[in-house]
Structure formats: C-alpha cells, structure tokens
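Below is the file data-v7.tsv, which contains TSV, C-alpha atoms.
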```tsv
chain	number	residue	atom	x	y	z
A	92	MET	CA	0.00	0.00	0.00
A	93	GLN	CA	1.30	3.45	-0.95
A	94	LEU	CA	2.60	5.36	2.06
A	95	ASP	CA	3.70	8.65	0.45
A	96	PHE	CA	1.60	11.36	-1.21
A	97	SER	CA	2.53	14.71	-2.73
A	98	LEU	CA	0.36	17.75	-2.14
A	99	PRO	CA	0.80	21.46	-2.91
A	100	PRO	CA	0.93	23.40	0.40
A	101	THR	CA	-1.96	25.57	-0.77
A	102	HIS	CA	-4.17	22.48	-0.71
A	103	LEU	CA	-3.64	22.20	3.05
A	104	LYS	CA	-5.36	25.55	3.54
A	105	THR	CA	-8.28	24.34	1.45
A	106	LEU	CA	-8.48	21.14	3.49
A	107	ARG	CA	-8.70	23.19	6.69
A	108	ALA	CA	-10.86	26.15	5.75
A	109	GLY	CA	-12.25	25.34	2.30
A	110	ALA	CA	-14.58	22.70	0.90
A	111	VAL	CA	-13.22	19.50	-0.65
A	112	ILE	CA	-15.13	16.37	-1.63
A	113	VAL	CA	-13.52	12.96	-2.04
A	114	ARG	CA	-15.56	10.11	-3.49
A	115	ASP	CA	-14.68	6.73	-2.03
A	116	THR	CA	-15.74	3.07	-2.05
A	117	PRO	CA	-15.47	1.73	1.51
A	118	ALA	CA	-17.12	-1.50	2.59
A	119	LEU	CA	-20.65	-0.61	3.70
A	120	LEU	CA	-22.44	-3.15	5.89
A	121	GLN	CA	-25.98	-2.81	7.19
A	122	ILE	CA	-26.86	-4.53	10.50
A	123	GLN	CA	-30.54	-4.88	11.38
A	124	GLY	CA	-32.73	-6.88	13.73
A	125	THR	CA	-34.34	-6.69	17.13
A	126	GLY	CA	-31.05	-7.52	18.82
A	127	ALA	CA	-28.74	-5.48	16.59
A	128	LEU	CA	-27.87	-2.90	19.26
A	129	THR	CA	-27.16	-5.48	21.95
A	130	CYS	CA	-25.06	-7.59	19.60
A	131	LEU	CA	-23.00	-4.68	18.29
A	132	GLN	CA	-22.46	-3.37	21.80
A	133	GLY	CA	-20.64	-6.63	22.47
A	134	LEU	CA	-18.38	-6.18	19.45
A	135	PHE	CA	-17.59	-2.47	19.04
A	136	THR	CA	-15.12	-0.46	21.15
A	137	GLN	CA	-17.31	2.63	21.47
A	138	ASP	CA	-20.72	2.95	23.10
A	139	LEU	CA	-23.56	2.76	20.58
A	140	ALA	CA	-26.41	2.98	23.09
A	141	ALA	CA	-25.73	6.20	24.98
A	142	PRO	CA	-25.66	8.59	21.97
A	143	GLY	CA	-29.10	7.41	20.85
A	144	VAL	CA	-30.50	7.16	17.33
A	145	ASP	CA	-29.47	9.34	14.38
A	146	THR	CA	-25.86	9.51	15.54
A	147	LEU	CA	-22.42	8.69	14.10
A	148	VAL	CA	-19.81	6.91	16.22
A	149	TYR	CA	-16.18	5.94	15.56
A	150	GLY	CA	-14.60	2.78	16.92
A	151	ALA	CA	-13.28	-0.64	16.00
A	152	LEU	CA	-13.83	-4.35	16.01
A	153	LEU	CA	-11.12	-6.25	17.89
A	154	THR	CA	-9.71	-9.73	18.20
A	155	PRO	CA	-10.18	-11.48	21.57
A	156	LYS	CA	-6.64	-10.32	22.42
A	157	GLY	CA	-7.55	-6.68	21.83
A	158	MET	CA	-5.90	-6.14	18.44
A	159	ILE	CA	-7.71	-4.07	15.79
A	160	VAL	CA	-9.45	-6.04	13.04
A	161	ALA	CA	-10.85	-2.90	11.43
A	162	ASP	CA	-11.75	0.62	12.50
A	163	GLY	CA	-14.73	2.45	11.11
A	164	TRP	CA	-17.81	4.60	11.50
A	165	ILE	CA	-21.26	3.38	12.55
A	166	ALA	CA	-24.36	5.41	11.74
A	167	ARG	CA	-27.31	4.47	13.96
A	168	GLU	CA	-30.91	4.91	12.81
A	169	GLU	CA	-34.23	3.60	14.07
A	170	SER	CA	-34.09	0.89	11.41
A	171	GLY	CA	-30.60	-0.34	12.27
A	172	PHE	CA	-26.93	0.43	11.79
A	173	LEU	CA	-24.69	1.22	8.82
A	174	LEU	CA	-21.00	0.40	9.23
A	175	ALA	CA	-18.39	2.04	6.96
A	176	ILE	CA	-14.94	0.42	7.02
A	177	ASP	CA	-11.86	0.20	4.83
A	178	ALA	CA	-12.67	-1.95	1.79
A	179	ARG	CA	-9.69	-4.22	2.48
A	180	ALA	CA	-11.31	-5.33	5.74
A	181	ARG	CA	-14.61	-6.25	4.09
A	182	GLU	CA	-14.26	-10.04	4.12
A	183	ALA	CA	-12.70	-10.18	7.58
A	184	VAL	CA	-15.48	-8.06	9.09
A	185	LEU	CA	-18.25	-9.90	7.23
A	186	THR	CA	-16.87	-13.20	8.52
A	187	LEU	CA	-16.67	-11.83	12.06
A	188	LEU	CA	-20.21	-10.43	11.99
A	189	ARG	CA	-21.78	-13.51	10.43
A	190	ARG	CA	-20.14	-15.65	13.08
A	191	ALA	CA	-21.01	-13.36	15.99
A	192	LEU	CA	-24.57	-12.23	15.15
A	193	PRO	CA	-27.30	-14.72	16.13
A	194	PRO	CA	-29.64	-14.93	13.08
A	195	ARG	CA	-32.77	-14.66	15.23
A	196	LEU	CA	-31.52	-11.35	16.68
A	197	ALA	CA	-29.56	-9.57	13.94
A	198	GLY	CA	-28.30	-9.98	10.40
A	199	VAL	CA	-25.81	-8.24	8.14
A	200	SER	CA	-26.35	-7.12	4.53
A	201	ASP	CA	-23.45	-6.13	2.29
A	202	LEU	CA	-24.23	-2.87	0.41
A	203	THR	CA	-20.67	-2.38	-0.86
A	204	GLU	CA	-21.37	-3.07	-4.54
A	205	SER	CA	-24.37	-0.75	-4.81
A	206	TRP	CA	-23.50	2.04	-2.35
A	207	SER	CA	-20.59	4.46	-2.03
A	208	ALA	CA	-19.36	7.34	0.12
A	209	ALA	CA	-18.33	10.97	-0.23
A	210	TRP	CA	-16.14	12.61	2.42
A	211	MET	CA	-16.50	16.39	2.62
A	212	ILE	CA	-13.50	18.08	4.19
A	213	GLY	CA	-12.86	21.65	5.36
A	214	GLY	CA	-14.51	24.31	7.46
A	215	SER	CA	-16.66	25.59	4.60
A	216	ALA	CA	-17.86	22.15	3.49
A	217	PRO	CA	-21.10	22.08	5.55
A	218	ASP	CA	-22.25	25.45	4.17
A	219	ARG	CA	-21.40	24.44	0.60
A	220	LEU	CA	-23.23	21.15	1.04
A	221	ALA	CA	-26.32	22.84	2.49
A	222	ARG	CA	-26.36	25.16	-0.49
A	223	ALA	CA	-25.83	22.23	-2.86
A	224	VAL	CA	-28.60	19.96	-1.59
A	225	GLY	CA	-30.95	22.70	-0.44
A	226	SER	CA	-31.51	21.23	2.99
A	227	GLN	CA	-30.21	21.14	6.53
A	228	VAL	CA	-26.79	19.59	7.17
A	229	PRO	CA	-26.31	17.49	10.34
A	230	GLY	CA	-24.25	18.80	13.22
A	231	ALA	CA	-21.22	17.06	14.70
A	232	GLY	CA	-21.84	13.37	15.24
A	233	MET	CA	-25.45	13.55	14.00
A	234	VAL	CA	-27.16	11.70	11.13
A	235	LEU	CA	-29.93	12.83	8.76
A	236	ARG	CA	-31.80	10.79	6.19
A	237	MET	CA	-31.43	12.20	2.66
A	238	GLY	CA	-34.28	11.48	0.26
A	239	ALA	CA	-36.25	8.27	-0.15
A	240	GLU	CA	-33.41	5.98	-1.28
A	241	GLY	CA	-31.99	5.44	2.20
A	242	ALA	CA	-28.97	7.72	1.77
A	243	LEU	CA	-27.51	9.37	4.85
A	244	LEU	CA	-25.66	12.55	5.71
A	245	ALA	CA	-23.53	12.37	8.86
A	246	GLY	CA	-21.67	15.19	10.56
A	247	GLY	CA	-18.08	14.38	11.49
A	248	THR	CA	-17.25	14.28	15.19
A	249	LEU	CA	-15.19	17.15	16.63
A	250	THR	CA	-11.87	15.35	16.06
A	251	ALA	CA	-12.75	13.64	12.76
A	252	PRO	CA	-10.72	14.31	9.60
A	253	PHE	CA	-13.88	15.26	7.68
A	254	SER	CA	-16.80	17.66	8.12
A	255	VAL	CA	-19.63	15.66	6.59
A	256	LEU	CA	-19.95	12.10	5.29
A	257	ALA	CA	-22.53	11.09	2.68
A	258	LEU	CA	-23.41	7.39	2.36
A	259	GLY	CA	-25.91	6.04	-0.13
A	260	PRO	CA	-26.65	4.36	-3.46
A	261	LEU	CA	-24.11	5.15	-6.16
A	262	PRO	CA	-26.37	7.45	-8.24
A	263	VAL	CA	-27.33	9.47	-5.15
A	264	ILE	CA	-23.71	10.03	-4.13
A	265	GLU	CA	-22.83	11.05	-7.67
A	266	ASP	CA	-25.67	13.61	-7.59
A	267	VAL	CA	-24.44	14.95	-4.25
A	268	ALA	CA	-20.90	15.28	-5.60
A	269	ARG	CA	-22.01	17.13	-8.73
A	270	ALA	CA	-24.13	19.54	-6.69
A	271	PHE	CA	-21.30	20.11	-4.21
A	272	LEU	CA	-18.87	20.97	-7.02
A	273	THR	CA	-21.43	23.29	-8.60
A	274	ALA	CA	-21.64	25.09	-5.24
A	275	SER	CA	-17.93	26.01	-5.58
A	276	GLY	CA	-16.61	22.92	-3.83
A	277	HIS	CA	-13.31	21.37	-4.89
A	278	GLU	CA	-12.81	17.77	-5.94
A	279	GLY	CA	-10.06	15.81	-4.18
A	280	GLY	CA	-8.66	12.31	-4.32
A	281	GLU	CA	-6.67	9.87	-2.23
A	282	SER	CA	-3.90	12.42	-1.58
A	283	GLU	CA	-6.34	14.93	-0.09
A	284	LEU	CA	-8.10	12.30	2.02
A	285	SER	CA	-4.76	10.99	3.30
A	286	ALA	CA	-3.54	14.52	4.04
A	287	ALA	CA	-6.70	15.25	6.04
A	288	ARG	CA	-6.11	12.11	8.09
A	289	VAL	CA	-2.46	12.98	8.68
A	290	LEU	CA	-3.30	16.53	9.77
A	291	ALA	CA	-5.95	15.23	12.18
A	292	GLY	CA	-3.70	12.48	13.55
A	293	TRP	CA	-6.00	9.74	12.30
A	294	PRO	CA	-4.66	6.21	11.60
A	295	THR	CA	-5.34	4.21	8.43
A	296	LEU	CA	-5.74	0.44	8.19
A	297	GLY	CA	-2.72	-1.08	6.47
A	298	ARG	CA	-0.48	1.87	7.32
A	299	GLU	CA	-0.60	2.87	10.98
A	300	ILE	CA	-2.89	-0.04	11.89
A	301	ASP	CA	-1.78	-3.64	11.39
A	302	GLU	CA	-2.80	-6.99	12.86
A	303	LYS	CA	-0.86	-6.31	16.08
A	304	THR	CA	-2.12	-2.79	16.83
A	305	LEU	CA	-3.87	-1.93	20.08
A	306	PRO	CA	-6.46	0.91	20.12
A	307	GLN	CA	-4.46	3.06	22.57
A	308	GLU	CA	-1.41	2.94	20.30
A	309	VAL	CA	-3.20	4.83	17.51
A	310	ARG	CA	-5.00	7.60	19.43
A	311	PHE	CA	-8.36	5.91	19.95
A	312	GLU	CA	-8.76	7.70	23.26
A	313	GLU	CA	-8.03	11.11	21.71
A	314	ASN	CA	-10.24	10.37	18.67
A	315	GLY	CA	-13.20	9.19	20.72
A	316	GLY	CA	-12.97	5.60	19.53
A	317	VAL	CA	-13.12	3.69	22.81
A	318	SER	CA	-15.42	3.62	25.83
A	319	TYR	CA	-14.34	2.53	29.32
A	320	THR	CA	-17.87	2.60	30.78
A	321	LYS	CA	-20.07	0.73	28.27
A	322	GLY	CA	-19.38	-2.77	29.56
A	323	CYS	CA	-17.90	-5.85	27.93
A	324	TYR	CA	-17.05	-6.31	24.27
A	325	THR	CA	-14.64	-8.56	22.41
A	326	GLY	CA	-11.08	-7.54	23.33
A	327	GLN	CA	-12.27	-5.26	26.14
A	328	GLU	CA	-10.19	-6.99	28.82
A	329	THR	CA	-6.91	-6.09	27.12
A	330	VAL	CA	-8.03	-2.53	26.35
A	331	ALA	CA	-9.14	-1.95	29.94
A	332	ARG	CA	-5.97	-3.46	31.38
A	333	VAL	CA	-3.79	-1.11	29.34
A	334	HIS	CA	-5.89	1.89	30.36
A	335	PHE	CA	-6.22	1.22	34.08
A	336	ARG	CA	-3.05	-0.71	34.92
A	337	GLY	CA	-0.37	-0.08	32.33
A	338	HIS	CA	0.62	1.71	29.15
A	339	VAL	CA	1.50	1.00	25.54
A	340	ASN	CA	5.13	1.05	24.44
A	341	ARG	CA	4.56	3.05	21.26
A	342	THR	CA	2.12	5.75	20.20
A	343	LEU	CA	1.06	7.46	17.00
A	344	ARG	CA	2.88	10.77	16.62
A	345	GLY	CA	3.54	13.42	13.99
A	346	VAL	CA	6.99	13.96	12.49
A	347	VAL	CA	8.41	16.72	10.28
A	348	LEU	CA	11.35	16.34	7.88
A	349	GLN	CA	12.93	19.22	5.97
A	350	GLY	CA	13.34	18.79	2.22
A	351	GLY	CA	10.72	17.98	-0.39
A	352	GLU	CA	11.58	14.32	-0.92
A	353	PRO	CA	9.82	11.31	0.60
A	354	PRO	CA	11.82	9.51	3.30
A	355	VAL	CA	13.88	6.63	1.95
A	356	GLN	CA	14.85	5.37	5.40
A	357	ARG	CA	11.68	4.99	7.47
A	358	THR	CA	13.20	3.69	10.70
A	359	LEU	CA	13.62	6.45	13.30
A	360	THR	CA	16.73	6.31	15.44
A	361	LEU	CA	18.11	8.13	18.46
A	362	GLY	CA	21.83	7.41	18.67
A	363	GLU	CA	22.14	3.71	17.94
A	364	LYS	CA	18.63	2.86	19.14
A	365	SER	CA	15.58	2.34	16.95
A	366	VAL	CA	12.74	4.45	18.38
A	367	GLY	CA	10.04	4.36	15.73
A	368	GLU	CA	8.93	4.04	12.14
A	369	ILE	CA	7.51	6.54	9.65
A	370	LYS	CA	4.17	5.51	8.16
A	371	THR	CA	1.96	7.78	5.98
A	372	ALA	CA	3.96	10.75	4.64
A	373	ILE	CA	2.72	13.87	2.84
A	374	VAL	CA	5.34	15.62	0.70
A	375	LEU	CA	5.01	19.40	0.52
A	376	ASP	CA	7.26	21.78	-1.45
A	377	ASP	CA	10.07	22.01	1.10
A	378	ARG	CA	9.20	19.54	3.84
A	379	VAL	CA	7.49	16.28	4.68
A	380	ILE	CA	4.87	15.82	7.37
A	381	ALA	CA	4.07	12.28	8.40
A	382	LEU	CA	2.51	9.96	10.91
A	383	ALA	CA	4.90	7.66	12.75
A	384	MET	CA	4.76	5.02	15.44
A	385	VAL	CA	7.20	6.29	18.09
A	386	ARG	CA	8.45	4.87	21.38
A	387	ARG	CA	6.52	6.20	24.37
A	388	GLU	CA	9.62	7.65	26.07
A	389	ILE	CA	10.46	9.95	23.11
A	390	GLU	CA	8.96	13.34	23.93
A	391	ASN	CA	7.24	15.64	21.48
A	392	GLY	CA	9.79	18.18	20.24
A	393	ALA	CA	12.65	15.67	20.31
A	394	LEU	CA	14.99	15.44	17.33
A	395	VAL	CA	15.66	11.97	15.94
A	396	ARG	CA	16.95	10.71	12.61
A	397	ALA	CA	15.70	8.82	9.58
A	398	GLY	CA	18.94	7.77	7.94
A	399	GLU	CA	20.82	11.01	7.19
A	400	ARG	CA	17.78	13.25	7.70
A	401	GLU	CA	16.88	15.03	10.92
A	402	VAL	CA	13.32	14.45	12.09
A	403	ALA	CA	11.34	16.53	14.58
A	404	VAL	CA	8.75	14.60	16.61
A	405	ALA	CA	5.46	16.50	16.98
A	406	GLY	CA	2.22	16.09	18.86
A	407	LEU	CA	-1.05	15.45	17.06
A	408	PRO	CA	-3.13	16.82	15.55
A	409	PHE	CA	-0.75	18.95	13.51
A	410	GLY	CA	-0.97	22.69	14.01
A	411	GLU	CA	-0.99	25.30	11.28
A	412	ILE	CA	1.78	23.75	9.24
A	413	GLY	CA	1.84	24.26	5.50
```
Write out the structure in this file as structure tokens.
Amino acid sequence: MQLDFSLPPTHLKTLRAGAVIVRDTPALLQIQGTGALTCLQGLFTQDLAAPGVDTLVYGALLTPKGMIVADGWIAREESGFLLAIDARAREAVLTLLRRALPPRLAGVSDLTESWSAAWMIGGSAPDRLARAVGSQVPGAGMVLRMGAEGALLAGGTLTAPFSVLALGPLPVIEDVARAFLTASGHEGGESELSAARVLAGWPTLGREIDEKTLPQEVRFEENGGVSYTKGCYTGQETVARVHFRGHVNRTLRGVVLQGGEPPVQRTLTLGEKSVGEIKTAIVLDDRVIALAMVRREIENGALVRAGEREVAVAGLPFGEIG
C-alpha cells in the first residue's frame, strides 16, 4: 500500500478552511434486527447505546486479544446500523459479523457493490453542502436521512478528519458530488483524504494499523474511539488493562522532515537505538509531514533521525503547518 503522497501546500489551507469532496468506495455493511444494538455493543469499542439514534460513532472491532481487526464509523438509525470500514477489511469483518450475530436477533447485509461514500473536508464544506442539496446539514456526530433511497448525511465528530460524510446508493452520491462541485466545492482524491487524516492524527488500516495494533497505540482515546464505561465487548479486557493498569510502548505521533523528498529510510533512530517508524507521509514543497509510530519515552519536540535526515517529533493533531 502506498505510504507517500505529494500535495501542494496551498491544498492544506483548502483542506482546513475550504470545501473538498472525495468520493470513495469503503465497505458498507448494514446490520438490522431486534437484537442489533445489543449484539454490536458486544463487538464495538465505542458505546452505541448512549448517543441514541441518528448519531455517528467511531470505533473498531477487535480480536479477543484486543488487536484491531478494522476501524470504522457506525451510523445508527431507528431501522438499524450502517457500518463504513476500509474496503480491504470487508471479508474479515463480514466473517466476524456472520459468526457473531445470532440470526434470530440480527443480520448483516453487504451494500458495498451498490453504495458508495463521499467525504467532505474543510470548514466551509457544511455550508457548501447545504447550499448544494438545499436542505439542513447534520451537526457534529449527528445523522440525517437524505431522500427516499436510504442515503444518509452524517456530521463528522469534533476530532474527525472530515466535516460531513454522505453514504448512499451510487447514483445518489454522484448527484451529491455534482451539486457540491457546482456550489464552488473542490474535488479531491486519495492524496487529499490521506492529508486530512495525517493533519488530524488519524490512523489508516494497512499503514498505521496492522494486525498487532492496540487501540491506545493509535490515538483511539483522543479520537473518541473507545469507551471505558459501556461494559464488555470482544477484546475489552486487554483494552481496559492497558488503560487502568499499564501503558502501551509506542504511540502514533507526527513527524516533520525538511526537504521535499519522501523519506527513503523509514526507521527512526536516536543514537544507535531504533525508536520508531515513519508511516503515511505527505510531501510538501520544502518539507514532509508524516505519521509515525514512536516509542513512548520519546517526547514531542525531540529530534531523531531517519537515515541522514533530521526528524522533529510533533504532537497530534498537527498545528498550522503548511
């Protein structure tokens, strides 16, 4: 999977204050049934009950040992739940859900082939979208039904790397995108979506998240992706033990490298000791900003090295860099 993206620095300003839309094809799974809430509560790291209906929640499905299978967003409606996850986790999550959901209580339908998503990024995106669709846009963490085809608009949470998420049948999402662009929005692609995630300090499956990643290693607490009060769920024992009795040995951090070339050497060192690894990197004109997994004892502001290049470790989310 590609780890490096190039982006003009001016695009960072648009991602923060402007209005960018990125069309995407995540795996979209619908979970319905009289026991859907109870069943998902026992599988998902974040509380789905307390926020109530018409809400959007971020979290993950874990292995029994507490490792992340896939992270994603769940929209809750009266009729059930819609889960949006990275497309590469589709089969693993379908297998997990089909095994874990009792058929008499809940079932899963795969909408991936007929539905898609559009991520709207930037401070002006909600206003542009409202103008484009001629209707109200949901607030942070809220969900609104859009039209009769079942499509949804969901407001990003306060720490999310997007402002609004549209989920729905392919033709509906295409109509939303066209209207958004007509309302002076800008079209983006994978580079813009990755840059938004890097700026917000948000991990990506297959880059910062692998089969041995714990939620606390990749900022789940800061991003609102884990609950310590909701009760038991698969992997909860490990997550709770780390939170209440211990700590993780590495955490997701930002790093900055001078020079407009992607890092060749991705291992971070301090003296002779390996202290981390660079993951997703965004190449600007004269510098590189990136996400990295860094040893817990390395403080923000420390200078380390990636081969011959000096690297400054930074806290997340990134400030006004660009």
Calculated over only C-alpha atoms, which of the candidates A:Gln123, A:Thr105, A:Ser275, A:Ser200 has the smallest distance to Gly213 of chain A?
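Selected residue with least distance to Gly213 of chain A: A:Thr105.
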For Met384 of chain A, list every protein, DNA or RNA residue within 8 Å, evaluated using only C-alpha atoms, and leave out those in the same chain fewer than 3 positions away; present the list as a ChimeraX atom specification.
/A:299,341-344,367-370
Return the single residue from A:Ser215, A:Ser226, A:Thr295, A:Thr250 that is closest to Val111 of chain A, with distances computed using only C-alpha atoms.
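Looking at the shortest contact to Val111 of chain A, the residue is A:Ser215.
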Nearest residue to Phe311 of chain A from the set A:Tyr149, A:Phe253, A:Trp164, A:Phe271 (distances using all atoms listed in the file):
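Ranking A:Tyr149, A:Phe253, A:Trp164, A:Phe271 by distance to Phe311 of chain A, first place goes to A:Tyr149.
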Tell me which of A:Asp301, A:Glu182, A:Glu352, A:Glu308 sits closest to Ala118 of chain A, counting all atoms listed in the file.
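Residue with the minimum atom-to-atom distance to Ala118 of chain A: A:Glu182.
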Residues near Glu204 of chain A, cut-off 9 Å, all atoms listed in the file, skip fewer than 6 positions along chain, as a ChimeraX atom specification:
/A:116,118-119,261
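Considering the residues A:Glu328, A:Glu283, A:Glu388, A:Glu363 and counting only C-alpha atoms, Leu98 of chain A has its shortest atom-to-atom contact with A:Glu283.
Going from atom CA of Ala175 of chain A over to atom CA of Phe135 of chain A, you cover 12.9 Å.
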Mind listing whatever residues come within 9 Å of the point (-15.8, 21.8, 5.1)? Use only C-alpha atoms, file coordinates, and give them as a PDB file with C-alpha atoms, keeping the file's coordinate frame.
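And here is the file that came out, out01.pdb:
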```
ATOM      1  CA  THR A 105      -8.280  24.340   1.450  1.00  0.00           C
ATOM      2  CA  LEU A 106      -8.480  21.140   3.490  1.00  0.00           C
ATOM      3  CA  ARG A 107      -8.700  23.190   6.690  1.00  0.00           C
ATOM      4  CA  ALA A 108     -10.860  26.150   5.750  1.00  0.00           C
ATOM      5  CA  GLY A 109     -12.250  25.340   2.300  1.00  0.00           C
ATOM      6  CA  ALA A 110     -14.580  22.700   0.900  1.00  0.00           C
ATOM      7  CA  VAL A 111     -13.220  19.500  -0.650  1.00  0.00           C
ATOM      8  CA  ILE A 112     -15.130  16.370  -1.630  1.00  0.00           C
ATOM      9  CA  MET A 211     -16.500  16.390   2.620  1.00  0.00           C
ATOM     10  CA  ILE A 212     -13.500  18.080   4.190  1.00  0.00           C
ATOM     11  CA  GLY A 213     -12.860  21.650   5.360  1.00  0.00           C
ATOM     12  CA  GLY A 214     -14.510  24.310   7.460  1.00  0.00           C
ATOM     13  CA  SER A 215     -16.660  25.590   4.600  1.00  0.00           C
ATOM     14  CA  ALA A 216     -17.860  22.150   3.490  1.00  0.00           C
ATOM     15  CA  PRO A 217     -21.100  22.080   5.550  1.00  0.00           C
ATOM     16  CA  ASP A 218     -22.250  25.450   4.170  1.00  0.00           C
ATOM     17  CA  ARG A 219     -21.400  24.440   0.600  1.00  0.00           C
ATOM     18  CA  LEU A 220     -23.230  21.150   1.040  1.00  0.00           C
ATOM     19  CA  PHE A 253     -13.880  15.260   7.680  1.00  0.00           C
ATOM     20  CA  SER A 254     -16.800  17.660   8.120  1.00  0.00           C
ATOM     21  CA  VAL A 255     -19.630  15.660   6.590  1.00  0.00           C
TER      22      VAL A 255
END
```
Write out as an mmCIF file with C-alpha atoms, in the coordinates of the input each polymer residue whose atoms come within 8 Å of Glu168 of chain A, counting all atoms listed in the file; drop sequence neighbours fewer than 5 positions from it.
```cif
data_model
loop_
_atom_site.group_PDB
_atom_site.id
_atom_site.type_symbol
_atom_site.label_atom_id
_atom_site.label_comp_id
_atom_site.auth_asym_id
_atom_site.auth_seq_id
_atom_site.Cartn_x
_atom_site.Cartn_y
_atom_site.Cartn_z
ATOM 1 C CA VAL A 144 -30.500 7.160 17.330
ATOM 2 C CA ASP A 145 -29.470 9.340 14.380
ATOM 3 C CA THR A 146 -25.860 9.510 15.540
ATOM 4 C CA VAL A 234 -27.160 11.700 11.130
#
```
Looking at all atoms listed in the file, which of A:Gly316, A:Gly246, A:Gly198, A:Pro142 is the one that sits closest to Ala161 of chain A?
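Among A:Gly316, A:Gly246, A:Gly198, A:Pro142, it is A:Gly316 that comes nearest to Ala161 of chain A.
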Atom-to-atom span, atom CA of Glu265 of chain A and atom CA of Met237 of chain A, Å:
13.5 Å
